[in-house]
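**Q** Take a look at the following structure, please.
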Amino acid sequence: MSWDIKNLKKWKVGDHPAGALIPTGGNAVEYKTGGWRSEKPRWIEEKCTHCMICWVFCPDTSIEVKESKMLGIDYDHCKGCGICAEECPTDAIVMEEEEK
Amino acid sequence: MSKTVALTGNLACAHAMRQINPDVVAAYPITPQTTIVEEFSTFVANGQVDTEYVTVESEHSAMSACVGASAAGSRVITATSSQGLALMWEILYIASALRLPIVMHNVNRTLAGPINIHCDHQDSMGARDSGWIQIHCENAQEAYDTTIQAIRIAEDNRVRLPVLVCLDGFIISHAIDRLDMLDDPEVKKFVGEFEPAISMLDPEEPITVGPFDGLHGQFFEFRRAQELATLGSLPVIEEIGKEYGAVSGRPYGLIEEYKLDDAEIAIVVLGSTAGTTRVVVDSLRADGVKAGLLKIRSFRPFPIKQITDALSGVKAVAVLDRSLSPGAIGAPVFQEVRSALYDSESRVPIINFIYGLGGRDVSMGLIKEAYTVLSDIVKDGQVKQTINYLGLRE
């Protein structure tokens, strides 16, 4: 189903489907939440073995992967929880203070 | 064909649930609701229903499971009381905001403390702004009939809101009452197949349920839309009550009037006390006193027009409230009835009697006392005290 929210701020009572329903799925990607971070993960490519443990453990979908290769981190959605750095067996991800 | 049976109010509700055969029941037992879910669980164990019965660790979880099941496209029923309803609080608002047609019995019991398991309406009054439709029953027959109608009201596409079916703890829930039950196929036909407006489990048409509203969102508009749906349920409740009457011989409306046509004094009340008041009205009528009764069945939505019309001819009104709102101008039903009458032409004198808290018995004598105060108001032309307490030792 099409879902165009360009003019969302102008929508009046009854314009939005009842019950705050969004008639599409997988739309969290459209809502950028990276601004919440106080620490950010840094990926050290040389140390990475592409084991995908960080991808499995990331509670969001912030580990970018293509064809079984780690590509980096999606900072638009990473909230800086540090689970990837904690779980990485080769210390290929380290947490650093976020600089604005 | 209906059959006449003798059942407690709770068992009448459990049998209505059996006949409805919901997809999911997620419930947690609490006095005085327990025998509803206990009896229903035996129907599940015996294979008399197809229901997925989810045993949970708390009422918060019960309502959360109901929300999930309903959003998945299931027909869902649950039941609770008192502290259990209080523990569901935050999920009550979510169920109504997501417009999920869940039906729940609330077997009215006071809220602690001190701890007390007996009847008053302080539990459901607390849920009055939660966005649930709230219907109060007078006896086991009404509890049975309303359960069946509640399914249709909740699931109606013009409504799509959860419905709370209230019955007085112990007085209705545990007393054995005579009632007529519809045959199983008649109930099946009346409630029909559930056609869910949404289903989270359809991979062909994925949806998002319960999203974050954001900082520039639609929250205000959603709440107003919910209010419009609640108000829009008024004619639907009437329509389904009438349709149920055609099937059962027992039609239902938003309110019920008893000897109000020529009444000079009237009592307004919810729930089982209406039954006691009816007998008092008959006794006063035999003595030549023009007494009447207005029972409010639908407390949410509040049927303003029906109530003001019904009370338009009387000279003094007393609202009986089985709850107390500390620091307010009287209790909730009184506040709303008085507010409704403020705009009416007659602006009839109206007083509040708070009664029956924590299961304090309300006798015919006490209700007669309330009518006597009304007679004095008509005679003297003045209200001595607006907020009164019936059966309180003070």
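In the structure tokens, the first chain shown is A, the next is B, and so on; residue numbers restart at 1 for each chain, and ligands run from 1 in the order shown.
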Report as a ChimeraX atom specification the set of chain A residues whose atoms approach chain B to within 10 Å, with distances computed over only C-alpha atoms.
**A** /A:1,8-28,31
**Q** Within 7 Å of region 69-72 of chain A, counting only C-alpha atoms, which residues qualify if same-chain residues fewer than 4 places away don't, as a PyMOL selection string?
**A** chain A and resi 43+50+63-65
**Q** Quick one: residues within 12 Å of Ser68 (chain A), only C-alpha atoms counted, chain neighbours fewer than 5 positions away excluded, as a PyMOL selection string?
**A** chain A and resi 49-53+55+63
**Q** Create the file for the chosen residues now, containing C-alpha atoms and written as a PDB file, in the first residue's frame.
**A**
ATOM      1  CA  THR A  49      36.823 -11.238  10.367  1.00  0.00           C
ATOM      2  CA  HIS A  50      33.249 -10.672   9.115  1.00  0.00           C
ATOM      3  CA  CYS A  51      31.913 -13.222  11.594  1.00  0.00           C
ATOM      4  CA  MET A  52      28.567 -11.320  11.719  1.00  0.00           C
ATOM      5  CA  ILE A  53      28.266 -11.567  15.504  1.00  0.00           C
ATOM      6  CA  TRP A  55      24.997  -8.053  13.048  1.00  0.00           C
ATOM      7  CA  ILE A  63      25.287  -3.044  11.116  1.00  0.00           C
TER       8      ILE A  63
END
**Q** Please report, as a PDB file with N, CA, C and O atoms, in the first residue's frame, each residue of region 57-91 of chain A to which DSSP assigns strand (DSSP E or B) when run on this structure's backbone.
**A**
ATOM      1  N   ILE A  63      24.070  -2.489  11.706  1.00  0.00           N
ATOM      2  CA  ILE A  63      25.287  -3.044  11.116  1.00  0.00           C
ATOM      3  C   ILE A  63      25.012  -3.251   9.631  1.00  0.00           C
ATOM      4  O   ILE A  63      24.123  -4.017   9.260  1.00  0.00           O
ATOM      5  N   GLU A  64      25.730  -2.516   8.812  1.00  0.00           N
ATOM      6  CA  GLU A  64      25.485  -2.593   7.369  1.00  0.00           C
ATOM      7  C   GLU A  64      26.290  -3.754   6.782  1.00  0.00           C
ATOM      8  O   GLU A  64      27.507  -3.852   6.975  1.00  0.00           O
ATOM      9  N   VAL A  65      25.561  -4.615   6.074  1.00  0.00           N
ATOM     10  CA  VAL A  65      26.159  -5.851   5.567  1.00  0.00           C
ATOM     11  C   VAL A  65      25.746  -6.044   4.123  1.00  0.00           C
ATOM     12  O   VAL A  65      24.602  -5.758   3.752  1.00  0.00           O
ATOM     13  N   LYS A  66      26.679  -6.500   3.307  1.00  0.00           N
ATOM     14  CA  LYS A  66      26.316  -6.876   1.938  1.00  0.00           C
ATOM     15  C   LYS A  66      27.100  -8.129   1.565  1.00  0.00           C
ATOM     16  O   LYS A  66      28.320  -8.175   1.768  1.00  0.00           O
ATOM     17  N   LYS A  69      29.539  -9.588   4.006  1.00  0.00           N
ATOM     18  CA  LYS A  69      30.676  -8.748   4.404  1.00  0.00           C
ATOM     19  C   LYS A  69      30.177  -7.542   5.184  1.00  0.00           C
ATOM     20  O   LYS A  69      29.224  -6.878   4.766  1.00  0.00           O
ATOM     21  N   MET A  70      30.816  -7.294   6.302  1.00  0.00           N
ATOM     22  CA  MET A  70      30.537  -6.097   7.084  1.00  0.00           C
ATOM     23  C   MET A  70      30.986  -4.884   6.279  1.00  0.00           C
ATOM     24  O   MET A  70      32.106  -4.847   5.753  1.00  0.00           O
ATOM     25  N   LEU A  71      30.090  -3.878   6.178  1.00  0.00           N
ATOM     26  CA  LEU A  71      30.430  -2.679   5.404  1.00  0.00           C
ATOM     27  C   LEU A  71      30.674  -1.460   6.286  1.00  0.00           C
ATOM     28  O   LEU A  71      31.314  -0.502   5.875  1.00  0.00           O
ATOM     29  N   GLY A  72      30.101  -1.513   7.497  1.00  0.00           N
ATOM     30  CA  GLY A  72      30.243  -0.359   8.375  1.00  0.00           C
ATOM     31  C   GLY A  72      29.016  -0.224   9.259  1.00  0.00           C
ATOM     32  O   GLY A  72      28.243  -1.170   9.401  1.00  0.00           O
ATOM     33  N   ILE A  73      28.847   0.971   9.813  1.00  0.00           N
ATOM     34  CA  ILE A  73      27.774   1.191  10.789  1.00  0.00           C
ATOM     35  C   ILE A  73      26.832   2.286  10.292  1.00  0.00           C
ATOM     36  O   ILE A  73      27.276   3.308   9.765  1.00  0.00           O
TER      37      ILE A  73
END
**Q** Using only C-alpha atoms, which residues sit within 9 Å of Leu260 (chain B) once same-chain residues fewer than 6 positions away are excluded, as a PyMOL selection string?
**A** chain B and resi 266+290-294+310-311+313-314
**Q** Could the residues in this selection be written to a file with all heavy atoms, as a compact mmCIF listing (two decimals), in the first residue's frame?
**A**
# COMPACT_ATOMS: atom_id res chain seq x y z
N ALA B 266 -37.13 11.46 40.97
CA ALA B 266 -36.48 10.36 40.27
C ALA B 266 -35.09 10.08 40.84
O ALA B 266 -34.39 10.99 41.26
CB ALA B 266 -36.36 10.68 38.79
N LYS B 290 -45.31 9.89 43.45
CA LYS B 290 -44.95 9.76 42.03
C LYS B 290 -43.44 9.65 41.88
O LYS B 290 -42.75 10.62 41.55
CB LYS B 290 -45.51 10.94 41.25
CG LYS B 290 -47.02 10.87 41.09
CD LYS B 290 -47.51 11.97 40.19
CE LYS B 290 -48.99 11.79 39.87
NZ LYS B 290 -49.50 12.90 39.06
N ALA B 291 -42.93 8.44 42.14
CA ALA B 291 -41.49 8.18 42.08
C ALA B 291 -41.16 7.46 40.78
O ALA B 291 -41.98 6.71 40.25
CB ALA B 291 -41.06 7.34 43.27
N GLY B 292 -39.96 7.71 40.28
CA GLY B 292 -39.50 7.04 39.06
C GLY B 292 -38.02 6.69 39.16
O GLY B 292 -37.33 7.11 40.09
N LEU B 293 -37.57 5.92 38.19
CA LEU B 293 -36.18 5.46 38.17
C LEU B 293 -35.59 5.63 36.78
O LEU B 293 -36.25 5.33 35.77
CB LEU B 293 -36.13 3.97 38.56
CG LEU B 293 -34.89 3.15 38.18
CD1 LEU B 293 -33.68 3.58 38.99
CD2 LEU B 293 -35.15 1.66 38.38
N LEU B 294 -34.36 6.11 36.71
CA LEU B 294 -33.61 6.14 35.45
C LEU B 294 -32.33 5.34 35.65
O LEU B 294 -31.47 5.72 36.45
CB LEU B 294 -33.28 7.58 35.04
CG LEU B 294 -32.32 7.74 33.86
CD1 LEU B 294 -32.90 7.10 32.60
CD2 LEU B 294 -32.00 9.20 33.60
N ALA B 310 -35.22 12.16 29.43
CA ALA B 310 -35.91 11.29 30.40
C ALA B 310 -36.23 12.05 31.68
O ALA B 310 -37.23 11.77 32.34
CB ALA B 310 -35.06 10.07 30.70
N LEU B 311 -35.37 13.01 32.03
CA LEU B 311 -35.55 13.72 33.31
C LEU B 311 -36.26 15.07 33.13
O LEU B 311 -36.40 15.84 34.09
CB LEU B 311 -34.19 13.95 33.98
CG LEU B 311 -33.44 12.67 34.42
CD1 LEU B 311 -32.05 13.03 34.94
CD2 LEU B 311 -34.23 11.91 35.48
N GLY B 313 -39.28 16.03 32.80
CA GLY B 313 -40.56 16.33 33.47
C GLY B 313 -40.51 16.27 34.99
O GLY B 313 -41.49 16.63 35.65
N VAL B 314 -39.39 15.85 35.57
CA VAL B 314 -39.38 15.64 37.03
C VAL B 314 -39.07 16.94 37.78
O VAL B 314 -38.55 17.90 37.20
CB VAL B 314 -38.38 14.53 37.46
CG1 VAL B 314 -38.75 13.21 36.81
CG2 VAL B 314 -36.95 14.93 37.12
**Q** As number ranges by chain, please: the residues near region 85-94 of chain A (cut-off 8 Å, only C-alpha atoms, same-chain neighbours under 4 positions excluded).
**A** A: 41-49, 53-54, 57
**Q** For the residues in the current selection, export C-alpha atoms as a tab-separated table (two decimals), in the first residue's frame.
**A**
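To be explicit, this is the file written out as selection.tsv:
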chain	number	residue	atom	x	y	z
A	41	PRO	CA	31.01	2.59	17.75
A	42	ARG	CA	34.06	2.81	15.49
A	43	TRP	CA	34.73	-0.12	13.14
A	44	ILE	CA	38.37	-1.15	12.66
A	45	GLU	CA	38.23	-2.88	9.30
A	46	GLU	CA	41.72	-4.52	9.53
A	47	LYS	CA	40.70	-6.46	12.65
A	48	CYS	CA	37.29	-7.56	11.34
A	49	THR	CA	36.82	-11.24	10.37
A	53	ILE	CA	28.27	-11.57	15.50
A	54	CYS	CA	27.74	-7.79	15.71
A	57	PHE	CA	23.46	-8.87	18.36
**Q** Within 8 Å of region 330-342 of chain B, counting only C-alpha atoms, which residues qualify if same-chain residues fewer than 2 places away don't, as number ranges by chain?
**A** B: 125, 304, 307-308, 319-321, 323-325, 328, 344, 346-348, 350-352, 354, 387
**Q** Put those residues in a file: N, CA and C atoms, as a PDB file, in the first residue's frame.
**A**
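Final file, selection.pdb:
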ATOM      1  N   MET B 125     -14.892   3.361  37.507  1.00  0.00           N
ATOM      2  CA  MET B 125     -14.928   4.823  37.381  1.00  0.00           C
ATOM      3  C   MET B 125     -13.536   5.368  37.064  1.00  0.00           C
ATOM      4  N   ILE B 304     -26.160  11.815  26.768  1.00  0.00           N
ATOM      5  CA  ILE B 304     -26.621  13.095  27.319  1.00  0.00           C
ATOM      6  C   ILE B 304     -28.089  13.376  26.968  1.00  0.00           C
ATOM      7  N   ILE B 307     -30.694  11.118  28.558  1.00  0.00           N
ATOM      8  CA  ILE B 307     -30.821  11.357  30.004  1.00  0.00           C
ATOM      9  C   ILE B 307     -31.585  12.659  30.266  1.00  0.00           C
ATOM     10  N   THR B 308     -31.233  13.721  29.557  1.00  0.00           N
ATOM     11  CA  THR B 308     -31.940  14.994  29.796  1.00  0.00           C
ATOM     12  C   THR B 308     -33.401  14.885  29.367  1.00  0.00           C
ATOM     13  N   VAL B 319     -28.959  11.435  42.235  1.00  0.00           N
ATOM     14  CA  VAL B 319     -28.072  10.477  41.565  1.00  0.00           C
ATOM     15  C   VAL B 319     -27.389   9.657  42.640  1.00  0.00           C
ATOM     16  N   LEU B 320     -27.498   8.335  42.519  1.00  0.00           N
ATOM     17  CA  LEU B 320     -26.843   7.436  43.469  1.00  0.00           C
ATOM     18  C   LEU B 320     -25.506   6.994  42.875  1.00  0.00           C
ATOM     19  N   ASP B 321     -24.429   7.259  43.590  1.00  0.00           N
ATOM     20  CA  ASP B 321     -23.094   6.897  43.113  1.00  0.00           C
ATOM     21  C   ASP B 321     -22.465   5.888  44.041  1.00  0.00           C
ATOM     22  N   SER B 323     -19.393   5.293  44.275  1.00  0.00           N
ATOM     23  CA  SER B 323     -17.971   5.633  44.267  1.00  0.00           C
ATOM     24  C   SER B 323     -17.832   7.016  44.877  1.00  0.00           C
ATOM     25  N   LEU B 324     -16.612   7.368  45.206  1.00  0.00           N
ATOM     26  CA  LEU B 324     -16.356   8.654  45.846  1.00  0.00           C
ATOM     27  C   LEU B 324     -15.109   9.255  45.211  1.00  0.00           C
ATOM     28  N   SER B 325     -15.206  10.494  44.817  1.00  0.00           N
ATOM     29  CA  SER B 325     -14.066  11.179  44.201  1.00  0.00           C
ATOM     30  C   SER B 325     -13.598  12.262  45.159  1.00  0.00           C
ATOM     31  N   ALA B 328     -13.816  16.327  44.884  1.00  0.00           N
ATOM     32  CA  ALA B 328     -14.603  16.760  43.723  1.00  0.00           C
ATOM     33  C   ALA B 328     -15.980  17.259  44.175  1.00  0.00           C
ATOM     34  N   SER B 344     -30.212  22.155  30.325  1.00  0.00           N
ATOM     35  CA  SER B 344     -31.619  21.899  30.010  1.00  0.00           C
ATOM     36  C   SER B 344     -32.475  23.062  30.500  1.00  0.00           C
ATOM     37  N   SER B 346     -35.315  23.068  32.139  1.00  0.00           N
ATOM     38  CA  SER B 346     -35.947  22.970  33.455  1.00  0.00           C
ATOM     39  C   SER B 346     -34.961  23.219  34.593  1.00  0.00           C
ATOM     40  N   ARG B 347     -33.670  22.917  34.365  1.00  0.00           N
ATOM     41  CA  ARG B 347     -32.644  23.050  35.419  1.00  0.00           C
ATOM     42  C   ARG B 347     -33.194  22.524  36.751  1.00  0.00           C
ATOM     43  N   VAL B 348     -33.580  21.254  36.713  1.00  0.00           N
ATOM     44  CA  VAL B 348     -34.223  20.617  37.860  1.00  0.00           C
ATOM     45  C   VAL B 348     -33.242  20.494  39.037  1.00  0.00           C
ATOM     46  N   ILE B 350     -30.986  18.928  41.731  1.00  0.00           N
ATOM     47  CA  ILE B 350     -30.358  17.602  41.679  1.00  0.00           C
ATOM     48  C   ILE B 350     -29.383  17.442  42.833  1.00  0.00           C
ATOM     49  N   ILE B 351     -29.486  16.300  43.493  1.00  0.00           N
ATOM     50  CA  ILE B 351     -28.582  16.015  44.613  1.00  0.00           C
ATOM     51  C   ILE B 351     -27.895  14.668  44.404  1.00  0.00           C
ATOM     52  N   ASN B 352     -26.838  14.451  45.184  1.00  0.00           N
ATOM     53  CA  ASN B 352     -26.021  13.239  45.060  1.00  0.00           C
ATOM     54  C   ASN B 352     -26.101  12.425  46.354  1.00  0.00           C
ATOM     55  N   ILE B 354     -24.007   9.326  47.831  1.00  0.00           N
ATOM     56  CA  ILE B 354     -22.905   8.379  47.707  1.00  0.00           C
ATOM     57  C   ILE B 354     -23.245   7.217  48.640  1.00  0.00           C
ATOM     58  N   ILE B 387     -24.515  17.220  48.401  1.00  0.00           N
ATOM     59  CA  ILE B 387     -23.799  15.945  48.453  1.00  0.00           C
ATOM     60  C   ILE B 387     -24.168  15.231  49.755  1.00  0.00           C
TER      61      ILE B 387
END
**Q** Interatomic distance between CA of Gly288 (chain B) and CA of Lys379 (chain B)?
**A**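 Rounded to one decimal, the two atoms are 15.0 Å apart.
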**Q** Do you have the CA of Asn7 (chain A)-CA of Arg37 (chain A) distance handy?
**A**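 Value for the CA of Asn7 (chain A)-CA of Arg37 (chain A) distance: 28.5 Å.
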**Q** Could you please determine the separation between CA of Ser283 (chain B) and CA of Met364 (chain B) in Å, to one decimal place?
**A** 9.7 Å
**Q** From a DSSP calculation on the backbone, collect every residue of chain A in alpha helix (DSSP H) and output the set as a list in words.
**A**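 Filtering chain A to alpha helix (DSSP H) leaves Ile53, Cys54, Trp55, Val56, Phe57, Ile83, Cys84, Ala85, Glu86 and Glu87 of chain A.
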**Q** Take the residues from that selection and put them in a file with N, CA, C and O atoms, as a PDB file, in the first residue's frame.
**A**
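The result, written out as result-v9.pdb:
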ATOM      1  N   ILE A  53      28.818 -11.545  14.136  1.00  0.00           N
ATOM      2  CA  ILE A  53      28.266 -11.567  15.504  1.00  0.00           C
ATOM      3  C   ILE A  53      27.652 -10.209  15.852  1.00  0.00           C
ATOM      4  O   ILE A  53      26.573 -10.132  16.434  1.00  0.00           O
ATOM      5  N   CYS A  54      28.292  -9.120  15.439  1.00  0.00           N
ATOM      6  CA  CYS A  54      27.735  -7.787  15.713  1.00  0.00           C
ATOM      7  C   CYS A  54      26.377  -7.631  15.027  1.00  0.00           C
ATOM      8  O   CYS A  54      25.436  -7.066  15.590  1.00  0.00           O
ATOM      9  N   TRP A  55      26.258  -8.145  13.824  1.00  0.00           N
ATOM     10  CA  TRP A  55      24.997  -8.053  13.048  1.00  0.00           C
ATOM     11  C   TRP A  55      23.872  -8.802  13.768  1.00  0.00           C
ATOM     12  O   TRP A  55      22.748  -8.331  13.839  1.00  0.00           O
ATOM     13  N   VAL A  56      24.236  -9.971  14.346  1.00  0.00           N
ATOM     14  CA  VAL A  56      23.244 -10.767  15.074  1.00  0.00           C
ATOM     15  C   VAL A  56      22.799 -10.035  16.341  1.00  0.00           C
ATOM     16  O   VAL A  56      21.615  -9.991  16.666  1.00  0.00           O
ATOM     17  N   PHE A  57      23.778  -9.447  17.050  1.00  0.00           N
ATOM     18  CA  PHE A  57      23.463  -8.873  18.362  1.00  0.00           C
ATOM     19  C   PHE A  57      22.887  -7.465  18.309  1.00  0.00           C
ATOM     20  O   PHE A  57      22.224  -7.030  19.250  1.00  0.00           O
ATOM     21  N   ILE A  83      26.602  -2.765  22.406  1.00  0.00           N
ATOM     22  CA  ILE A  83      26.523  -4.232  22.426  1.00  0.00           C
ATOM     23  C   ILE A  83      27.459  -4.831  21.371  1.00  0.00           C
ATOM     24  O   ILE A  83      28.160  -5.819  21.627  1.00  0.00           O
ATOM     25  N   CYS A  84      27.574  -4.213  20.202  1.00  0.00           N
ATOM     26  CA  CYS A  84      28.435  -4.738  19.133  1.00  0.00           C
ATOM     27  C   CYS A  84      29.894  -4.772  19.588  1.00  0.00           C
ATOM     28  O   CYS A  84      30.603  -5.758  19.391  1.00  0.00           O
ATOM     29  N   ALA A  85      30.319  -3.678  20.260  1.00  0.00           N
ATOM     30  CA  ALA A  85      31.706  -3.612  20.737  1.00  0.00           C
ATOM     31  C   ALA A  85      31.949  -4.658  21.827  1.00  0.00           C
ATOM     32  O   ALA A  85      33.012  -5.292  21.889  1.00  0.00           O
ATOM     33  N   GLU A  86      30.944  -4.846  22.693  1.00  0.00           N
ATOM     34  CA  GLU A  86      31.036  -5.825  23.778  1.00  0.00           C
ATOM     35  C   GLU A  86      31.168  -7.246  23.220  1.00  0.00           C
ATOM     36  O   GLU A  86      31.923  -8.067  23.733  1.00  0.00           O
ATOM     37  N   GLU A  87      30.398  -7.537  22.162  1.00  0.00           N
ATOM     38  CA  GLU A  87      30.345  -8.905  21.642  1.00  0.00           C
ATOM     39  C   GLU A  87      31.447  -9.231  20.639  1.00  0.00           C
ATOM     40  O   GLU A  87      31.721 -10.404  20.387  1.00  0.00           O
TER      41      GLU A  87
END
